[in-house]
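Undergrad: My structure file model-v9.csv, CSV, C-alpha atoms and all ligand atoms, is below:
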```
chain,number,residue,atom,x,y,z
U,1,MET,CA,116.8,122.8,80.0
U,2,LYS,CA,116.5,119.4,78.3
U,3,PHE,CA,119.1,118.0,80.6
U,4,LEU,CA,117.5,119.5,83.6
U,5,GLY,CA,114.2,118.0,82.6
U,6,GLN,CA,115.8,114.6,82.3
U,7,VAL,CA,117.4,114.9,85.7
U,8,LEU,CA,114.0,115.9,87.2
U,9,ILE,CA,112.3,112.9,85.6
U,10,LEU,CA,115.0,110.6,87.0
U,11,ILE,CA,114.6,112.1,90.4
U,12,ILE,CA,110.9,111.6,90.3
U,13,PHE,CA,111.4,108.1,89.0
U,14,VAL,CA,113.8,107.2,91.8
U,15,ALA,CA,111.5,108.8,94.4
U,16,THR,CA,108.6,106.8,93.1
U,17,LEU,CA,110.7,103.6,93.3
U,18,SER,CA,111.7,104.1,96.9
U,19,GLU,CA,108.0,104.3,97.9
U,20,SER,CA,107.1,101.0,96.2
U,21,LYS,CA,108.2,97.6,97.3
U,22,ILE,CA,107.0,94.2,96.3
U,23,TYR,CA,107.5,91.7,99.1
U,24,THR,CA,108.2,88.0,98.5
U,25,SER,CA,105.8,85.7,100.3
U,26,CYS,CA,108.4,84.7,102.9
U,27,GLU,CA,109.7,88.2,103.5
U,28,PHE,CA,106.2,89.4,104.0
U,29,ALA,CA,105.4,86.5,106.4
U,30,GLN,CA,108.6,87.1,108.4
U,31,THR,CA,107.8,90.8,108.7
U,32,LEU,CA,104.3,90.0,110.1
U,33,ILE,CA,106.1,88.0,112.8
U,34,ASP,CA,108.6,90.8,113.4
U,35,TYR,CA,105.8,93.4,113.8
U,36,GLY,CA,103.7,91.2,116.0
U,37,LEU,CA,100.7,90.4,113.8
U,38,VAL,CA,101.4,86.7,114.4
U,39,SER,CA,103.4,85.3,117.2
U,40,SER,CA,106.3,83.0,116.3
U,41,SER,CA,105.2,80.6,119.1
U,42,ASP,CA,101.7,80.4,117.7
U,43,PRO,CA,100.8,76.7,117.2
U,44,GLU,CA,99.0,77.6,114.0
U,45,LEU,CA,101.9,79.8,112.8
U,46,ARG,CA,102.0,78.4,109.2
U,47,PHE,CA,98.3,78.4,108.8
U,48,LYS,CA,97.8,81.9,110.0
U,49,LEU,CA,100.7,83.3,108.0
U,50,GLY,CA,99.5,81.3,104.9
U,51,ASN,CA,96.2,83.1,105.2
U,52,TRP,CA,97.8,86.5,105.5
U,53,VAL,CA,100.0,85.8,102.5
U,54,CYS,CA,97.1,84.5,100.4
U,55,LEU,CA,95.1,87.6,101.4
U,56,ALA,CA,97.7,90.2,100.7
U,57,TYR,CA,98.7,88.5,97.4
U,58,HIS,CA,95.1,88.7,96.2
U,59,GLU,CA,94.6,92.2,97.5
U,60,SER,CA,97.8,93.9,96.3
U,61,LEU,CA,100.2,91.3,94.7
U,62,LEU,CA,102.3,92.1,97.8
U,63,ASN,CA,102.9,95.6,96.5
U,64,THR,CA,103.1,98.3,99.2
U,65,ALA,CA,102.2,101.1,96.7
U,66,ALA,CA,99.0,99.4,95.5
U,67,THR,CA,95.9,101.7,95.5
U,68,ASN,CA,92.4,101.0,94.1
U,69,ASN,CA,89.3,103.1,93.9
U,70,ASN,CA,86.1,101.4,94.8
U,71,THR,CA,82.8,102.0,93.0
U,72,ASN,CA,81.4,103.7,96.1
U,73,GLY,CA,84.0,106.4,96.1
U,74,SER,CA,86.2,105.0,98.8
U,75,ARG,CA,89.8,103.9,98.2
U,76,ASP,CA,91.9,100.9,99.3
U,77,TYR,CA,95.6,101.5,100.3
U,78,GLY,CA,98.7,99.4,100.3
U,79,ILE,CA,99.7,95.8,100.7
U,80,PHE,CA,96.6,95.0,102.8
U,81,GLN,CA,94.3,97.2,100.7
U,82,ILE,CA,92.9,99.0,103.7
U,83,ASN,CA,89.8,101.1,103.2
U,84,ASN,CA,90.0,104.9,103.7
U,85,TYR,CA,86.4,105.3,104.8
U,86,TYR,CA,86.8,103.4,108.1
U,87,TRP,CA,90.4,103.0,108.9
U,88,CYS,CA,92.8,105.8,107.8
U,89,ASP,CA,92.6,109.5,107.4
U,90,SER,CA,92.2,110.9,103.9
U,91,GLY,CA,89.9,113.7,104.7
U,92,PHE,CA,86.6,112.0,105.2
U,93,GLY,CA,85.0,109.1,107.0
U,94,TYR,CA,86.5,107.5,110.1
U,95,ASN,CA,90.1,107.0,111.1
U,96,GLU,CA,90.1,104.0,113.4
U,97,CYS,CA,93.8,103.2,112.9
U,98,SER,CA,94.7,106.9,113.7
U,99,MET,CA,97.0,107.4,110.8
U,100,PRO,CA,97.0,109.2,107.4
U,101,CYS,CA,96.3,106.8,104.6
U,102,SER,CA,99.7,107.6,103.1
U,103,ASP,CA,101.3,105.7,106.0
U,104,LEU,CA,99.8,102.5,104.5
U,105,LEU,CA,101.9,102.9,101.4
U,106,THR,CA,105.4,103.0,102.8
U,107,ASP,CA,108.0,100.3,102.0
U,108,ASP,CA,108.3,99.7,105.8
U,109,ILE,CA,104.9,98.0,106.5
U,110,ARG,CA,104.9,98.6,110.3
U,111,ASP,CA,102.0,101.0,110.3
U,112,ALA,CA,100.0,99.0,107.8
U,113,THR,CA,100.6,95.9,109.9
U,114,ASN,CA,99.4,97.6,113.0
U,115,CYS,CA,96.3,98.8,111.2
U,116,ALA,CA,95.7,95.3,109.8
U,117,LYS,CA,96.0,94.0,113.4
U,118,LEU,CA,93.2,96.2,114.6
U,119,ILE,CA,91.0,95.3,111.6
U,120,TYR,CA,91.6,91.6,112.2
U,121,ARG,CA,90.7,92.0,115.9
U,122,VAL,CA,87.4,93.6,115.0
U,123,GLN,CA,86.4,91.6,111.9
U,124,GLY,CA,88.8,88.8,111.4
U,125,PHE,CA,89.8,87.8,107.8
U,126,PHE,CA,86.2,88.5,106.7
U,127,ALA,CA,87.2,92.2,106.5
U,128,TRP,CA,88.9,91.3,103.2
U,129,TYR,CA,87.1,90.3,100.0
U,130,GLY,CA,90.4,89.1,98.6
U,131,TRP,CA,90.5,86.6,101.4
U,132,ILE,CA,86.8,85.7,101.3
U,133,TYR,CA,86.8,85.0,97.5
U,134,ASN,CA,90.2,83.4,97.2
U,135,CYS,CA,91.5,82.0,100.4
U,136,ARG,CA,88.6,81.1,102.7
U,137,ALA,CA,87.7,77.9,100.9
U,138,GLN,CA,91.3,76.6,100.5
U,139,THR,CA,92.3,73.5,102.4
U,140,GLU,CA,94.6,73.8,105.4
U,141,THR,CA,97.4,72.2,103.3
U,142,ALA,CA,96.8,74.7,100.4
U,143,ILE,CA,96.9,77.6,102.8
U,144,GLU,CA,100.1,76.4,104.4
U,145,ASN,CA,101.6,76.0,101.0
U,146,TRP,CA,101.7,79.8,100.7
U,147,VAL,CA,104.6,79.8,103.2
U,148,LYS,CA,105.9,76.3,102.4
U,149,SER,CA,109.4,77.4,101.4
U,150,CYS,CA,109.8,79.9,104.3
U,151,HIS,CA,112.2,79.3,107.2
U,152,PHE,CA,110.7,80.8,110.4
U,201,LIG,C1,91.1,107.5,92.4
U,201,LIG,O1,90.6,108.4,93.3
U,201,LIG,C2,91.5,109.5,93.6
U,201,LIG,C3,90.7,110.4,94.6
U,201,LIG,O2,90.3,109.7,95.7
U,201,LIG,C4,91.9,110.2,92.3
U,201,LIG,O3,92.8,111.3,92.7
U,201,LIG,C5,92.5,109.3,91.4
U,201,LIG,O4,92.7,109.9,90.1
U,201,LIG,C6,91.6,108.1,91.1
U,201,LIG,N1,92.3,107.1,90.3
U,201,LIG,C7,91.7,106.5,89.2
U,201,LIG,C8,92.6,105.5,88.5
U,201,LIG,O5,90.6,106.7,88.9
U,202,LIG,C1,83.0,100.7,99.8
U,202,LIG,O1,83.4,99.6,99.0
U,202,LIG,C2,84.5,98.9,99.6
U,202,LIG,C3,84.9,97.8,98.6
U,202,LIG,O2,83.9,97.1,98.1
U,202,LIG,C4,84.1,98.3,100.9
U,202,LIG,O3,85.2,97.6,101.5
U,202,LIG,C5,83.6,99.4,101.8
U,202,LIG,O4,83.1,98.9,103.0
U,202,LIG,C6,82.5,100.3,101.2
U,202,LIG,N1,82.3,101.4,102.0
U,202,LIG,C7,81.1,101.8,102.4
U,202,LIG,C8,81.1,103.1,103.2
U,202,LIG,O5,80.1,101.2,102.1
```
Turn the structure described in the file into structure tokens.

TA:
Amino acid sequence: MKFLGQVLILIIFVATLSESKIYTSCEFAQTLIDYGLVSSSDPELRFKLGNWVCLAYHESLLNTAATNNNTNGSRDYGIFQINNYYWCDSGFGYNECSMPCSDLLTDDIRDATNCAKLIYRVQGFFAWYGWIYNCRAQTETAIENWVKSCHF
């Protein structure tokens, strides 16, 4: 019994690990290019990606499994900290991104990136307090420094 219990704990631990990934800045930025959030031919590529990395760093520390409960009872999900009231389905509110909120927590951030793309189209970076408070006032050079060491 004791051994079985330990195996079970190990399995749960491994299962938890596989659904949690912390991206490096460059890996995250490259993934945003791969999934079409920013075009690699965009003349402002480094500025745009720098803003996204700054945003996601302040929202989730680039952790795909991050969740946070807001004081108004809503909940933010994943690397972009997307709100469940408007954007994803968790049993109440709207579901503008047409996906369950759990899709925003997977290691593969394709769904989360697609949802962020829609939010950005509607509200721009102003949809994210993490960006407003921490990134908005940064100089262009400071923003581009978020992806300084990356090779695109
Ligand atoms: C956050 O809210 C969810 C329900 O939406 C609840 O299950 C969870 O325990 C809460 N987490 C914390 C840390 O309060
Ligand atoms: C609840 O709070 C979060 C975080 O402050 C905010 O993003 C969201 O818009 C609020 N939801 C509603 C329905 O007011």

Undergrad: With all atoms listed in the file counted, collect every polymer residue having an atom within 7 Å of ligand LIG 202 (chain U); state the result as a PDB file with C-alpha atoms, keeping the file's coordinate frame.

TA:
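This went into result.pdb:
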```pdb
ATOM      1  CA  ASN U  70      86.100 101.400  94.800  1.00  0.00           C
ATOM      2  CA  THR U  71      82.800 102.000  93.000  1.00  0.00           C
ATOM      3  CA  ASN U  72      81.400 103.700  96.100  1.00  0.00           C
ATOM      4  CA  GLY U  73      84.000 106.400  96.100  1.00  0.00           C
ATOM      5  CA  SER U  74      86.200 105.000  98.800  1.00  0.00           C
ATOM      6  CA  ASN U  83      89.800 101.100 103.200  1.00  0.00           C
ATOM      7  CA  TYR U  85      86.400 105.300 104.800  1.00  0.00           C
TER       8      TYR U  85
END
```

Undergrad: So, with only C-alpha atoms as the atoms that count, which of U:Tyr77, U:Trp146, U:Phe47, U:Phe92 lies closest to Glu59 in chain U?

TA: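 Nearest candidate to Glu59 in chain U out of U:Tyr77, U:Trp146, U:Phe47, U:Phe92: U:Tyr77.
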
Undergrad: With distances taken over all atoms listed in the file, which of U:Ile119, U:Ala66, U:Ala29, U:Ala127 is nearest to ligand LIG 201 (chain U)?

TA: U:Ala66

Undergrad: For Thr64 in chain U, list every protein, DNA or RNA residue within 12 Å, evaluated using all atoms listed in the file, and leave out those in the same chain fewer than 3 positions away; present the list as a PDB file with C-alpha atoms, in the coordinates of the input.

TA:
```pdb
ATOM      1  CA  THR U  16     108.600 106.800  93.100  1.00  0.00           C
ATOM      2  CA  LEU U  17     110.700 103.600  93.300  1.00  0.00           C
ATOM      3  CA  SER U  18     111.700 104.100  96.900  1.00  0.00           C
ATOM      4  CA  GLU U  19     108.000 104.300  97.900  1.00  0.00           C
ATOM      5  CA  SER U  20     107.100 101.000  96.200  1.00  0.00           C
ATOM      6  CA  LYS U  21     108.200  97.600  97.300  1.00  0.00           C
ATOM      7  CA  ILE U  22     107.000  94.200  96.300  1.00  0.00           C
ATOM      8  CA  TYR U  23     107.500  91.700  99.100  1.00  0.00           C
ATOM      9  CA  THR U  24     108.200  88.000  98.500  1.00  0.00           C
ATOM     10  CA  PHE U  28     106.200  89.400 104.000  1.00  0.00           C
ATOM     11  CA  ALA U  56      97.700  90.200 100.700  1.00  0.00           C
ATOM     12  CA  TYR U  57      98.700  88.500  97.400  1.00  0.00           C
ATOM     13  CA  GLU U  59      94.600  92.200  97.500  1.00  0.00           C
ATOM     14  CA  SER U  60      97.800  93.900  96.300  1.00  0.00           C
ATOM     15  CA  LEU U  61     100.200  91.300  94.700  1.00  0.00           C
ATOM     16  CA  THR U  67      95.900 101.700  95.500  1.00  0.00           C
ATOM     17  CA  ASP U  76      91.900 100.900  99.300  1.00  0.00           C
ATOM     18  CA  TYR U  77      95.600 101.500 100.300  1.00  0.00           C
ATOM     19  CA  GLY U  78      98.700  99.400 100.300  1.00  0.00           C
ATOM     20  CA  ILE U  79      99.700  95.800 100.700  1.00  0.00           C
ATOM     21  CA  PHE U  80      96.600  95.000 102.800  1.00  0.00           C
ATOM     22  CA  GLN U  81      94.300  97.200 100.700  1.00  0.00           C
ATOM     23  CA  ILE U  82      92.900  99.000 103.700  1.00  0.00           C
ATOM     24  CA  SER U 102      99.700 107.600 103.100  1.00  0.00           C
ATOM     25  CA  ASP U 103     101.300 105.700 106.000  1.00  0.00           C
ATOM     26  CA  LEU U 104      99.800 102.500 104.500  1.00  0.00           C
ATOM     27  CA  LEU U 105     101.900 102.900 101.400  1.00  0.00           C
ATOM     28  CA  THR U 106     105.400 103.000 102.800  1.00  0.00           C
ATOM     29  CA  ASP U 107     108.000 100.300 102.000  1.00  0.00           C
ATOM     30  CA  ASP U 108     108.300  99.700 105.800  1.00  0.00           C
ATOM     31  CA  ILE U 109     104.900  98.000 106.500  1.00  0.00           C
ATOM     32  CA  ARG U 110     104.900  98.600 110.300  1.00  0.00           C
ATOM     33  CA  ASP U 111     102.000 101.000 110.300  1.00  0.00           C
ATOM     34  CA  ALA U 112     100.000  99.000 107.800  1.00  0.00           C
ATOM     35  CA  THR U 113     100.600  95.900 109.900  1.00  0.00           C
TER      36      THR U 113
END
```

Undergrad: Need to verify the contact set: range 134-143 of chain U, 7 Å, all atoms listed in the file, exclusion of same-chain residues closer than 2 positions in sequence. Can you return it as a PyMOL selection string?

TA: chain U and resi 47+50-51+54-55+130-132+145-146

Undergrad: Could you produce a table of the residues of chain U lying within 7 Å of ligand LIG 201 (chain U), with the nearest pair of atoms per residue and their separation in Å rounded to one decimal, using all atoms listed in the file, ordered by chain and increasing residue number, as CSV?

TA:
```
residue,atom,partner,partner_atom,distance
U:Asn68,CA,U:LIG201,C1,6.8
U:Asn69,CA,U:LIG201,C1,5.0
U:Ser74,CA,U:LIG201,O2,7.0
U:Arg75,CA,U:LIG201,O2,6.3
```

Undergrad: What's the separation between CA of Trp87 in chain U and CA of Val53 in chain U, in Å to one decimal place?

TA: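 Distance reported for this atom pair: 20.7 Å.
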
Undergrad: Under the rule that all atoms listed in the file are counted, which of U:Trp52, U:His151, U:Pro100, U:Asn95 is the nearest residue to Phe126 in chain U?

TA: U:Trp52

Undergrad: Interatomic distance between CA of Tyr94 in chain U and CA of Leu118 in chain U?

TA: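 Spanning CA of Tyr94 in chain U to CA of Leu118 in chain U is a straight-line distance of 13.9 Å.
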